[in-house]
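What follows is the content of my_file-v3.pdb (PDB, C-alpha atoms, pLDDT in the B column).
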```pdb
ATOM      1  CA  MET A  14       0.000   0.000   0.000  1.00 77.00           C
ATOM      2  CA  ALA A  15       1.254   3.475  -0.898  1.00 88.00           C
ATOM      3  CA  VAL A  16       2.810   5.760   1.690  1.00 96.00           C
ATOM      4  CA  TYR A  17       2.032   9.371   0.860  1.00 98.00           C
ATOM      5  CA  THR A  18       4.569  12.176   1.144  1.00 97.00           C
ATOM      6  CA  LYS A  19       4.383  15.961   1.149  1.00 98.00           C
ATOM      7  CA  ASP A  20       4.893  15.896  -2.638  1.00 98.00           C
ATOM      8  CA  SER A  21       1.956  13.535  -3.278  1.00 98.00           C
ATOM      9  CA  ARG A  22      -1.195  15.082  -4.688  1.00 98.00           C
ATOM     10  CA  LEU A  23      -3.971  15.032  -2.092  1.00 98.00           C
ATOM     11  CA  SER A  24      -6.317  13.635  -4.727  1.00 98.00           C
ATOM     12  CA  GLU A  25      -4.298  10.376  -4.717  1.00 98.00           C
ATOM     13  CA  PRO A  26      -5.327   9.063  -1.251  1.00 98.00           C
ATOM     14  CA  ILE A  27      -8.893  10.242  -1.913  1.00 98.00           C
ATOM     15  CA  PHE A  28      -9.050   8.121  -5.059  1.00 97.00           C
ATOM     16  CA  GLU A  29      -7.455   5.199  -3.193  1.00 96.00           C
ATOM     17  CA  ASP A  30     -10.046   5.250  -0.398  1.00 97.00           C
ATOM     18  CA  PRO A  31     -12.888   7.818  -0.478  1.00 97.00           C
ATOM     19  CA  SER A  32     -13.486   7.279   3.252  1.00 96.00           C
ATOM     20  CA  ILE A  33     -10.411   9.482   3.792  1.00 97.00           C
ATOM     21  CA  VAL A  34     -12.641  12.462   2.897  1.00 98.00           C
ATOM     22  CA  ALA A  35     -14.125  12.359   6.409  1.00 96.00           C
ATOM     23  CA  VAL A  36     -10.580  12.454   7.807  1.00 98.00           C
ATOM     24  CA  ILE A  37      -9.399  15.458   5.811  1.00 98.00           C
ATOM     25  CA  ASN A  38     -12.681  17.235   6.624  1.00 97.00           C
ATOM     26  CA  ARG A  39     -11.592  17.130  10.284  1.00 97.00           C
ATOM     27  CA  PHE A  40      -8.629  19.288   9.261  1.00 97.00           C
ATOM     28  CA  GLY A  41     -10.916  21.793   7.536  1.00 97.00           C
ATOM     29  CA  ILE A  42     -10.014  20.471   4.072  1.00 98.00           C
ATOM     30  CA  PHE A  43     -12.859  19.619   1.706  1.00 98.00           C
ATOM     31  CA  LEU A  44     -13.381  18.209  -1.786  1.00 98.00           C
ATOM     32  CA  GLY A  45     -12.179  20.349  -4.641  1.00 97.00           C
ATOM     33  CA  VAL A  46      -8.464  19.880  -3.919  1.00 97.00           C
ATOM     34  CA  GLY A  47      -7.432  20.227  -7.564  1.00 97.00           C
ATOM     35  CA  ASP A  48      -3.917  19.072  -8.422  1.00 97.00           C
ATOM     36  CA  CYS A  49      -2.345  20.563  -5.297  1.00 98.00           C
ATOM     37  CA  THR A  50       0.214  18.586  -3.345  1.00 98.00           C
ATOM     38  CA  ILE A  51      -0.303  17.704   0.296  1.00 99.00           C
ATOM     39  CA  SER A  52       2.418  20.179   1.247  1.00 98.00           C
ATOM     40  CA  GLU A  53       0.789  23.013  -0.705  1.00 98.00           C
ATOM     41  CA  ILE A  54      -2.613  22.391   0.858  1.00 98.00           C
ATOM     42  CA  CYS A  55      -1.227  22.067   4.387  1.00 98.00           C
ATOM     43  CA  VAL A  56       0.848  25.249   4.100  1.00 98.00           C
ATOM     44  CA  ASP A  57      -2.139  27.149   2.711  1.00 97.00           C
ATOM     45  CA  ALA A  58      -4.393  25.880   5.535  1.00 97.00           C
ATOM     46  CA  GLY A  59      -1.799  26.361   8.287  1.00 97.00           C
ATOM     47  CA  ILE A  60      -1.646  22.627   9.054  1.00 97.00           C
ATOM     48  CA  ASP A  61       1.460  20.800  10.290  1.00 95.00           C
ATOM     49  CA  THR A  62       2.389  18.726   7.225  1.00 96.00           C
ATOM     50  CA  ASP A  63       4.195  15.969   9.153  1.00 94.00           C
ATOM     51  CA  PHE A  64       1.216  15.498  11.452  1.00 95.00           C
ATOM     52  CA  PHE A  65      -1.258  15.466   8.547  1.00 97.00           C
ATOM     53  CA  LEU A  66       0.816  12.834   6.739  1.00 96.00           C
ATOM     54  CA  ALA A  67       1.078  10.743   9.906  1.00 95.00           C
ATOM     55  CA  VAL A  68      -2.707  10.763  10.291  1.00 96.00           C
ATOM     56  CA  ILE A  69      -3.668   9.898   6.716  1.00 98.00           C
ATOM     57  CA  ASN A  70      -0.955   7.250   6.302  1.00 97.00           C
ATOM     58  CA  THR A  71      -1.812   5.624   9.644  1.00 96.00           C
ATOM     59  CA  TYR A  72      -5.516   5.708   8.766  1.00 97.00           C
ATOM     60  CA  LEU A  73      -5.045   4.131   5.341  1.00 97.00           C
ATOM     61  CA  ASN A  74      -2.136   1.755   5.874  1.00 96.00           C
ATOM     62  CA  PRO A  75      -2.214  -0.944   8.593  1.00 94.00           C
ATOM     63  CA  ASP A  76       1.544  -1.471   8.152  1.00 94.00           C
ATOM     64  CA  TYR A  77       2.502   2.179   8.586  1.00 94.00           C
ATOM     65  CA  PHE A  78       4.123   3.447  11.777  1.00 92.00           C
ATOM     66  CA  PRO A  79       4.773   7.216  11.957  1.00 90.00           C
ATOM     67  CA  GLU A  80       8.385   8.144  12.655  1.00 80.00           C
ATOM     68  CA  ARG A  81       8.286  11.927  12.855  1.00 71.00           C
ATOM     69  CA  ILE A  82       5.607  12.378  15.534  1.00 69.00           C
ATOM     70  CA  ALA A  83       7.752  12.713  18.622  1.00 59.00           C
ATOM     71  CA  GLU A  84       7.287  16.309  19.671  1.00 64.00           C
ATOM     72  CA  ARG A  85       4.980  17.095  22.542  1.00 61.00           C
ATOM     73  CA  THR A  86       3.500  19.918  20.453  1.00 65.00           C
ATOM     74  CA  HIS A  87       1.759  17.229  18.411  1.00 82.00           C
ATOM     75  CA  LEU A  88      -0.272  16.129  21.458  1.00 87.00           C
ATOM     76  CA  SER A  89      -2.739  19.000  21.145  1.00 89.00           C
ATOM     77  CA  MET A  90      -3.010  18.343  17.404  1.00 93.00           C
ATOM     78  CA  VAL A  91      -4.007  14.702  17.777  1.00 93.00           C
ATOM     79  CA  VAL A  92      -6.401  15.568  20.620  1.00 94.00           C
ATOM     80  CA  ASN A  93      -8.101  18.196  18.435  1.00 95.00           C
ATOM     81  CA  TYR A  94      -8.333  15.704  15.577  1.00 97.00           C
ATOM     82  CA  LEU A  95      -9.826  12.963  17.781  1.00 96.00           C
ATOM     83  CA  GLU A  96     -12.216  15.458  19.358  1.00 96.00           C
ATOM     84  CA  LYS A  97     -13.625  16.239  15.911  1.00 97.00           C
ATOM     85  CA  THR A  98     -13.752  12.515  15.177  1.00 97.00           C
ATOM     86  CA  ASP A  99     -15.813  11.848  18.312  1.00 97.00           C
ATOM     87  CA  HIS A 100     -18.195  14.687  17.438  1.00 97.00           C
ATOM     88  CA  TYR A 101     -18.597  13.182  13.949  1.00 97.00           C
ATOM     89  CA  TYR A 102     -19.557   9.827  15.457  1.00 97.00           C
ATOM     90  CA  GLU A 103     -21.957  11.425  17.926  1.00 98.00           C
ATOM     91  CA  ARG A 104     -23.621  13.957  15.613  1.00 97.00           C
ATOM     92  CA  ILE A 105     -23.483  12.316  12.173  1.00 97.00           C
ATOM     93  CA  GLN A 106     -22.750   8.599  12.048  1.00 98.00           C
ATOM     94  CA  ILE A 107     -24.722   7.328  15.052  1.00 98.00           C
ATOM     95  CA  PRO A 108     -27.839   9.435  14.239  1.00 98.00           C
ATOM     96  CA  ASN A 109     -27.648   8.094  10.668  1.00 98.00           C
ATOM     97  CA  ILE A 110     -27.714   4.504  11.964  1.00 98.00           C
ATOM     98  CA  ASP A 111     -30.519   5.429  14.381  1.00 98.00           C
ATOM     99  CA  ARG A 112     -32.705   6.794  11.579  1.00 97.00           C
ATOM    100  CA  HIS A 113     -32.325   3.721   9.404  1.00 96.00           C
ATOM    101  CA  PHE A 114     -32.695   1.265  12.287  1.00 96.00           C
ATOM    102  CA  ASN A 115     -35.815   3.037  13.596  1.00 96.00           C
ATOM    103  CA  LEU A 116     -37.383   2.862  10.136  1.00 95.00           C
ATOM    104  CA  LEU A 117     -36.471  -0.812   9.886  1.00 94.00           C
ATOM    105  CA  MET A 118     -38.135  -1.499  13.229  1.00 92.00           C
ATOM    106  CA  GLN A 119     -41.187   0.540  12.208  1.00 90.00           C
ATOM    107  CA  ARG A 120     -41.575  -1.525   9.035  1.00 84.00           C
ATOM    108  CA  LYS A 121     -41.399  -4.637  11.212  1.00 74.00           C
ATOM    109  CA  ALA A 122     -44.166  -3.251  13.451  1.00 64.00           C
ATOM    110  CA  ASP A 123     -46.332  -2.433  10.415  1.00 67.00           C
ATOM    111  CA  CYS A 124     -45.822  -5.844   8.808  1.00 66.00           C
ATOM    112  CA  GLY A 125     -48.814  -8.148   9.057  1.00 57.00           C
ATOM    113  CA  SER A 126     -46.934 -11.316   8.132  1.00 58.00           C
ATOM    114  CA  GLU A 127     -46.276 -13.878  10.868  1.00 55.00           C
ATOM    115  CA  SER A 128     -42.672 -14.242   9.691  1.00 53.00           C
ATOM    116  CA  CYS A 129     -42.053 -10.548  10.429  1.00 59.00           C
ATOM    117  CA  GLY A 130     -42.408 -11.284  14.110  1.00 58.00           C
ATOM    118  CA  ASP A 131     -39.752 -13.994  13.999  1.00 66.00           C
ATOM    119  CA  ASN A 132     -36.819 -12.328  12.255  1.00 74.00           C
ATOM    120  CA  ASN A 133     -34.613 -11.520  15.284  1.00 88.00           C
ATOM    121  CA  LEU A 134     -34.741  -7.782  14.580  1.00 91.00           C
ATOM    122  CA  GLN A 135     -35.856  -7.075  18.136  1.00 91.00           C
ATOM    123  CA  LEU A 136     -32.771  -8.816  19.523  1.00 93.00           C
ATOM    124  CA  LEU A 137     -30.522  -7.110  16.991  1.00 94.00           C
ATOM    125  CA  ASN A 138     -31.958  -3.727  17.915  1.00 94.00           C
ATOM    126  CA  LYS A 139     -31.396  -4.450  21.603  1.00 95.00           C
ATOM    127  CA  PHE A 140     -27.755  -5.342  20.961  1.00 96.00           C
ATOM    128  CA  TYR A 141     -27.306  -2.272  18.765  1.00 97.00           C
ATOM    129  CA  LEU A 142     -28.575  -0.053  21.588  1.00 97.00           C
ATOM    130  CA  GLU A 143     -26.003  -1.644  23.922  1.00 97.00           C
ATOM    131  CA  VAL A 144     -23.197  -1.016  21.424  1.00 96.00           C
ATOM    132  CA  ARG A 145     -24.464   2.527  20.859  1.00 97.00           C
ATOM    133  CA  SER A 146     -24.416   3.172  24.605  1.00 96.00           C
ATOM    134  CA  ASP A 147     -20.828   1.890  24.845  1.00 94.00           C
ATOM    135  CA  ILE A 148     -19.673   4.144  21.998  1.00 96.00           C
ATOM    136  CA  LEU A 149     -21.347   7.208  23.507  1.00 96.00           C
ATOM    137  CA  SER A 150     -19.842   6.355  26.897  1.00 93.00           C
ATOM    138  CA  MET A 151     -16.396   6.159  25.277  1.00 92.00           C
ATOM    139  CA  ILE A 152     -16.995   9.553  23.683  1.00 94.00           C
ATOM    140  CA  ARG A 153     -18.053  11.062  27.010  1.00 94.00           C
ATOM    141  CA  ASP A 154     -14.873   9.747  28.678  1.00 91.00           C
ATOM    142  CA  ASP A 155     -12.870  11.379  25.895  1.00 93.00           C
ATOM    143  CA  ILE A 156     -14.702  14.706  25.822  1.00 93.00           C
ATOM    144  CA  ASP A 157     -15.342  15.155  29.549  1.00 92.00           C
ATOM    145  CA  TYR A 158     -12.128  13.705  30.952  1.00 89.00           C
ATOM    146  CA  TRP A 159      -9.263  12.593  28.740  1.00 88.00           C
ATOM    147  CA  PHE A 160      -9.139  15.398  26.196  1.00 90.00           C
ATOM    148  CA  PRO A 161      -9.301  18.215  28.791  1.00 91.00           C
ATOM    149  CA  TYR A 162      -6.669  16.358  30.815  1.00 86.00           C
ATOM    150  CA  LEU A 163      -4.334  15.936  27.838  1.00 86.00           C
ATOM    151  CA  LYS A 164      -4.796  19.579  26.850  1.00 85.00           C
ATOM    152  CA  PHE A 165      -3.912  20.533  30.409  1.00 83.00           C
ATOM    153  CA  CYS A 166      -0.769  18.374  30.245  1.00 76.00           C
ATOM    154  CA  ASP A 167       0.171  20.034  26.982  1.00 71.00           C
ATOM    155  CA  ASN A 168       0.000  23.523  28.481  1.00 73.00           C
ATOM    156  CA  VAL A 169       2.098  23.114  31.627  1.00 62.00           C
ATOM    157  CA  SER A 170       5.678  22.191  32.396  1.00 54.00           C
ATOM    158  CA  ASP A 171       6.770  18.561  32.637  1.00 52.00           C
ATOM    159  CA  ASP A 172       7.400  18.721  36.395  1.00 50.00           C
ATOM    160  CA  SER A 173       4.092  20.348  37.362  1.00 47.00           C
ATOM    161  CA  PHE A 174       1.262  19.007  35.205  1.00 45.00           C
ATOM    162  CA  HIS A 175       0.285  16.264  37.700  1.00 49.00           C
ATOM    163  CA  LYS A 176      -0.329  18.803  40.469  1.00 47.00           C
ATOM    164  CA  GLY A 177      -3.242  20.633  38.880  1.00 46.00           C
ATOM    165  CA  TYR A 178      -5.309  17.752  37.587  1.00 48.00           C
ATOM    166  CA  GLY A 179      -5.548  15.264  40.437  1.00 47.00           C
ATOM    167  CA  ILE A 180      -8.667  13.653  38.985  1.00 46.00           C
ATOM    168  CA  HIS A 181      -6.319  11.507  36.879  1.00 48.00           C
ATOM    169  CA  ASP A 182      -5.203   9.623  39.994  1.00 47.00           C
ATOM    170  CA  SER A 183      -8.675   9.103  41.454  1.00 39.00           C
ATOM    171  CA  ARG A 184     -10.715   7.878  38.494  1.00 47.00           C
ATOM    172  CA  LYS A 185     -10.603   4.511  36.771  1.00 50.00           C
ATOM    173  CA  ILE A 186     -11.286   5.337  33.147  1.00 51.00           C
ATOM    174  CA  GLU A 187     -10.257   3.298  30.140  1.00 59.00           C
ATOM    175  CA  LEU A 188      -7.172   4.781  28.518  1.00 65.00           C
ATOM    176  CA  PRO A 189      -7.965   6.886  25.446  1.00 69.00           C
ATOM    177  CA  TYR A 190      -6.043   4.521  23.172  1.00 66.00           C
ATOM    178  CA  ASP A 191      -7.435   1.213  24.505  1.00 66.00           C
ATOM    179  CA  LYS A 192     -10.646   0.797  22.498  1.00 68.00           C
ATOM    180  CA  SER A 193     -10.467  -2.755  21.117  1.00 71.00           C
ATOM    181  CA  ASN A 194     -13.534  -3.801  23.103  1.00 87.00           C
ATOM    182  CA  ILE A 195     -15.689  -1.387  21.083  1.00 91.00           C
ATOM    183  CA  GLU A 196     -14.293  -2.795  17.836  1.00 92.00           C
ATOM    184  CA  ASP A 197     -15.177  -6.344  18.872  1.00 94.00           C
ATOM    185  CA  LYS A 198     -18.753  -5.420  19.783  1.00 95.00           C
ATOM    186  CA  ILE A 199     -19.384  -3.617  16.495  1.00 96.00           C
ATOM    187  CA  ARG A 200     -17.998  -6.572  14.564  1.00 96.00           C
ATOM    188  CA  ASP A 201     -20.245  -8.921  16.586  1.00 96.00           C
ATOM    189  CA  LEU A 202     -23.242  -6.750  15.714  1.00 97.00           C
ATOM    190  CA  ILE A 203     -22.474  -6.983  11.998  1.00 97.00           C
ATOM    191  CA  SER A 204     -21.973 -10.750  12.340  1.00 97.00           C
ATOM    192  CA  PHE A 205     -25.384 -11.122  13.986  1.00 94.00           C
ATOM    193  CA  PHE A 206     -27.011  -9.428  10.995  1.00 94.00           C
ATOM    194  CA  VAL A 207     -25.141 -11.656   8.568  1.00 94.00           C
ATOM    195  CA  ILE A 208     -25.778 -14.933  10.405  1.00 94.00           C
ATOM    196  CA  HIS A 209     -28.936 -14.658  12.491  1.00 90.00           C
ATOM    197  CA  LEU A 210     -31.362 -12.429  10.568  1.00 90.00           C
ATOM    198  CA  LYS A 211     -34.278 -14.386   9.132  1.00 87.00           C
ATOM    199  CA  GLY A 212     -37.894 -14.130   8.007  1.00 82.00           C
ATOM    200  CA  ASP A 213     -39.439 -11.071   6.361  1.00 85.00           C
ATOM    201  CA  TYR A 214     -37.946  -7.602   6.731  1.00 87.00           C
ATOM    202  CA  ASP A 215     -37.345  -4.548   4.564  1.00 91.00           C
ATOM    203  CA  ARG A 216     -34.334  -5.619   2.502  1.00 92.00           C
ATOM    204  CA  ASN A 217     -33.326  -2.109   1.389  1.00 94.00           C
ATOM    205  CA  LEU A 218     -33.487  -0.646   4.887  1.00 94.00           C
ATOM    206  CA  CYS A 219     -31.533  -3.592   6.242  1.00 95.00           C
ATOM    207  CA  VAL A 220     -28.766  -2.956   3.697  1.00 96.00           C
ATOM    208  CA  ALA A 221     -28.768   0.714   4.732  1.00 97.00           C
ATOM    209  CA  VAL A 222     -28.421  -0.228   8.421  1.00 97.00           C
ATOM    210  CA  VAL A 223     -25.606  -2.736   7.855  1.00 97.00           C
ATOM    211  CA  SER A 224     -23.798  -0.352   5.486  1.00 97.00           C
ATOM    212  CA  ALA A 225     -23.991   2.513   8.003  1.00 98.00           C
ATOM    213  CA  ILE A 226     -22.738   0.286  10.830  1.00 98.00           C
ATOM    214  CA  SER A 227     -19.911  -0.985   8.602  1.00 98.00           C
ATOM    215  CA  VAL A 228     -18.832   2.583   7.786  1.00 97.00           C
ATOM    216  CA  LEU A 229     -18.722   3.386  11.510  1.00 97.00           C
ATOM    217  CA  ASP A 230     -16.841   0.137  12.185  1.00 96.00           C
ATOM    218  CA  LYS A 231     -14.191   0.983   9.589  1.00 96.00           C
ATOM    219  CA  ASP A 232     -13.769   4.544  10.824  1.00 96.00           C
ATOM    220  CA  ILE A 233     -13.423   3.479  14.464  1.00 95.00           C
ATOM    221  CA  ARG A 234     -10.921   0.729  13.624  1.00 94.00           C
ATOM    222  CA  GLN A 235      -8.759   2.986  11.496  1.00 95.00           C
ATOM    223  CA  ASN A 236      -8.918   5.871  13.952  1.00 94.00           C
ATOM    224  CA  ASN A 237      -8.003   3.460  16.744  1.00 92.00           C
ATOM    225  CA  ARG A 238      -4.740   2.901  14.847  1.00 93.00           C
ATOM    226  CA  ILE A 239      -4.198   6.639  15.144  1.00 94.00           C
ATOM    227  CA  ARG A 240      -4.906   6.417  18.877  1.00 92.00           C
ATOM    228  CA  ASP A 241      -2.479   3.514  19.248  1.00 90.00           C
ATOM    229  CA  ARG A 242       0.360   4.694  17.002  1.00 91.00           C
ATOM    230  CA  ILE A 243       0.219   8.471  17.462  1.00 90.00           C
ATOM    231  CA  LEU A 244      -1.721   9.308  20.637  1.00 88.00           C
ATOM    232  CA  LYS A 245      -0.340   6.481  22.781  1.00 86.00           C
ATOM    233  CA  PRO A 246       3.386   7.341  22.380  1.00 85.00           C
ATOM    234  CA  LEU A 247       2.624  11.007  23.053  1.00 82.00           C
ATOM    235  CA  CYS A 248       0.551  10.114  26.124  1.00 79.00           C
ATOM    236  CA  GLU A 249       3.291   7.885  27.489  1.00 77.00           C
ATOM    237  CA  ARG A 250       5.612  10.879  27.456  1.00 71.00           C
ATOM    238  CA  SER A 251       3.115  13.014  29.382  1.00 62.00           C
ATOM    239  CA  LEU A 252       1.013  10.809  31.684  1.00 58.00           C
TER     240      LEU A 252
END
```
How does this structure look as structure tokens?
Amino acid sequence: MAVYTKDSRLSEPIFEDPSIVAVINRFGIFLGVGDCTISEICVDAGIDTDFFLAVINTYLNPDYFPERIAERTHLSMVVNYLEKTDHYYERIQIPNIDRHFNLLMQRKADCGSESCGDNNLQLLNKFYLEVRSDILSMIRDDIDYWFPYLKFCDNVSDDSFHKGYGIHDSRKIELPYDKSNIEDKIRDLISFFVIHLKGDYDRNLCVAVVSAISVLDKDIRQNNRIRDRILKPLCERSL
């Protein structure tokens, strides 16, 4: 898989995987990039080119490990990026799944066929709501605790940051780069649709639900690589 450099055209990773559009949007970059190189676009937008390259290469390439993200100044950058990512999950992707799933359940309720009542949708919806709750809880831990804490660490000296944010020592919250449990649950949810769905149901709406969940699954998995390979090393220098 290609590793992009500052001289690569930004259109290249977009053509390789259009899901990267959501990633560059979080930097304030949108479609209509022309033939500009990544360096040209980053300089024009006031974005740290090394950090931008680390994010898109880590997102796209499972074998890529960033080498130039060692400065503590990058901590606030990755926190800001992940903050926008969490907001995207909470405000766009999860509501999109909710809309389609609610319509699917409504069609089930309106169906007069006996087989509609025996298609496991009720159980699937129950499991989805559990997964949804876990994702939103993860987001709340990030937004209410970890991100403010990491921003605090980034703004004080190395020998004093522990003194002003004692909540870190008193709360037991999952580390902001340890999210594999969420990945497993989303994958289980998709598997349940594939294996256990039966009877009559709205085929088109079901495809919409599974597609929306799969998009969220992919984005979380690939952003968790960013948490593990960029955020984690920076956290270990500060926490």
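The list of residues with at least one atom within 12 Å of Ser204 (chain A), based on only C-alpha atoms and without residues fewer than 5 positions apart in the same chain, reads Leu137, Phe140, Tyr141, Asp197, Lys198, Ile199, His209, Leu210, Val223, Ile226 and Ser227 of chain A.
The residue that comes closest to Phe64 (chain A), out of A:Phe160, A:Phe28, A:Tyr102, A:Tyr94 and on the basis of all atoms listed in the file, is A:Tyr94.
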Spatial neighbours of region 216-219 of chain A, max dist 8 Å, only C-alpha atoms, sep filter under 6 positions, as a compact mmCIF listing (two decimals) with C-alpha atoms, in the coordinates of the input:
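result08.txt, freshly written:
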```
# COMPACT_ATOMS: atom_id res chain seq x y z
CA HIS A 113 -32.33 3.72 9.40
CA PHE A 114 -32.70 1.26 12.29
CA LEU A 116 -37.38 2.86 10.14
CA LEU A 117 -36.47 -0.81 9.89
```
| said: Measuring between all atoms listed in the file, which one of A:Glu249, A:Ile33, A:Val92, A:Arg238 shows the shortest distance to Tyr77 (chain A)? | reply: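 The shortest atom-to-atom distance to Tyr77 (chain A) comes from A:Arg238.
If all atoms listed in the file are the atoms counted, then among A:Cys166, A:Cys49, A:Ala58, A:Leu202 the closest residue to Leu142 (chain A) is A:Leu202.
Counting only C-alpha atoms and comparing A:Asn74, A:Asn194, A:Ser21, A:Ser150, the residue that lies closest to Asp48 (chain A) is A:Ser21.
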| request: Find, counting only C-alpha atoms, the residue in A:Asp63, A:Ile51, A:Ser224, A:Ile69 that gets nearest to Glu29 (chain A). | output: A:Ile69
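Distance-wise, CA of Ile148 (chain A) and CA of Arg112 (chain A) end up 16.9 Å apart.
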| message | Env of Asn236 (chain A): 9 Å cut, atoms = only C-alpha atoms, seq-sep filter 3 positions within chain, self excluded. Answer as a PyMOL selection string. | response | chain A and resi 68+71-72+95+98+231-233+239-241
| said: Taking 5 positions as the minimum chain separation for residues in the same chain, which residues sit within 9 Å of Tyr17 (chain A) when counting all atoms listed in the file? Answer as a list of chain:residue names. | reply: A:Arg22, A:Leu23, A:Glu25, A:Pro26, A:Ile51, A:Leu66, A:Ile69, A:Asn70
| query | Mind pulling up the distance from CA of Glu80 (chain A) to CA of Leu244 (chain A)? | reply |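 Going from CA of Leu244 (chain A) over to CA of Glu80 (chain A), I get 12.9 Å.
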Could you list as a short mmCIF file (atom, residue, chain, number, x, y, z; two decimals) with C-alpha atoms, keeping the file's coordinate frame every residue that has an atom within 12 Å of (-23.3, 8.4, 25.1), using the file's coordinates and counting all atoms listed in the file?
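Listed below is the output, part.cif:
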```
data_model
loop_
_atom_site.label_atom_id
_atom_site.label_comp_id
_atom_site.auth_asym_id
_atom_site.auth_seq_id
_atom_site.Cartn_x
_atom_site.Cartn_y
_atom_site.Cartn_z
CA ASP A 99 -15.81 11.85 18.31
CA HIS A 100 -18.20 14.69 17.44
CA TYR A 102 -19.56 9.83 15.46
CA GLU A 103 -21.96 11.42 17.93
CA ARG A 104 -23.62 13.96 15.61
CA ILE A 107 -24.72 7.33 15.05
CA PRO A 108 -27.84 9.44 14.24
CA LEU A 142 -28.58 -0.05 21.59
CA GLU A 143 -26.00 -1.64 23.92
CA VAL A 144 -23.20 -1.02 21.42
CA ARG A 145 -24.46 2.53 20.86
CA SER A 146 -24.42 3.17 24.60
CA ASP A 147 -20.83 1.89 24.84
CA ILE A 148 -19.67 4.14 22.00
CA LEU A 149 -21.35 7.21 23.51
CA SER A 150 -19.84 6.36 26.90
CA MET A 151 -16.40 6.16 25.28
CA ILE A 152 -17.00 9.55 23.68
CA ARG A 153 -18.05 11.06 27.01
CA ASP A 154 -14.87 9.75 28.68
CA ASP A 155 -12.87 11.38 25.90
CA ILE A 156 -14.70 14.71 25.82
CA ASP A 157 -15.34 15.16 29.55
#
```
| Please, what distance in Å, to one decimal, runs between CA of Ser89 (chain A) and CA of Asp167 (chain A)? |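 Separation between CA of Ser89 (chain A) and CA of Asp167 (chain A): 6.6 Å.
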| request: Would you list the contacts of Gly41 (chain A) as a PyMOL selection string, taking every protein, DNA or RNA residue within 12 Å and counting only C-alpha atoms, but skipping same-chain residues closer than 4 positions in sequence? | output: chain A and resi 34-37+46+54-55+57-60+65+93-94+97
| request: Would you please work out which residue, of A:Ile203, A:Arg120, A:Asn237, A:Ile110, is nearest to Ala221 (chain A) when using all atoms listed in the file? | output: A:Ile110
| query | Which polymer residues, protein or nucleic acid, are no farther than 10 Å from (-2.3, 12.7, 25.3), counting all atoms listed in the file, as an MDAnalysis selection string? | reply | chainID A and resid 85 87:92 159:167 188:190 240 243:252
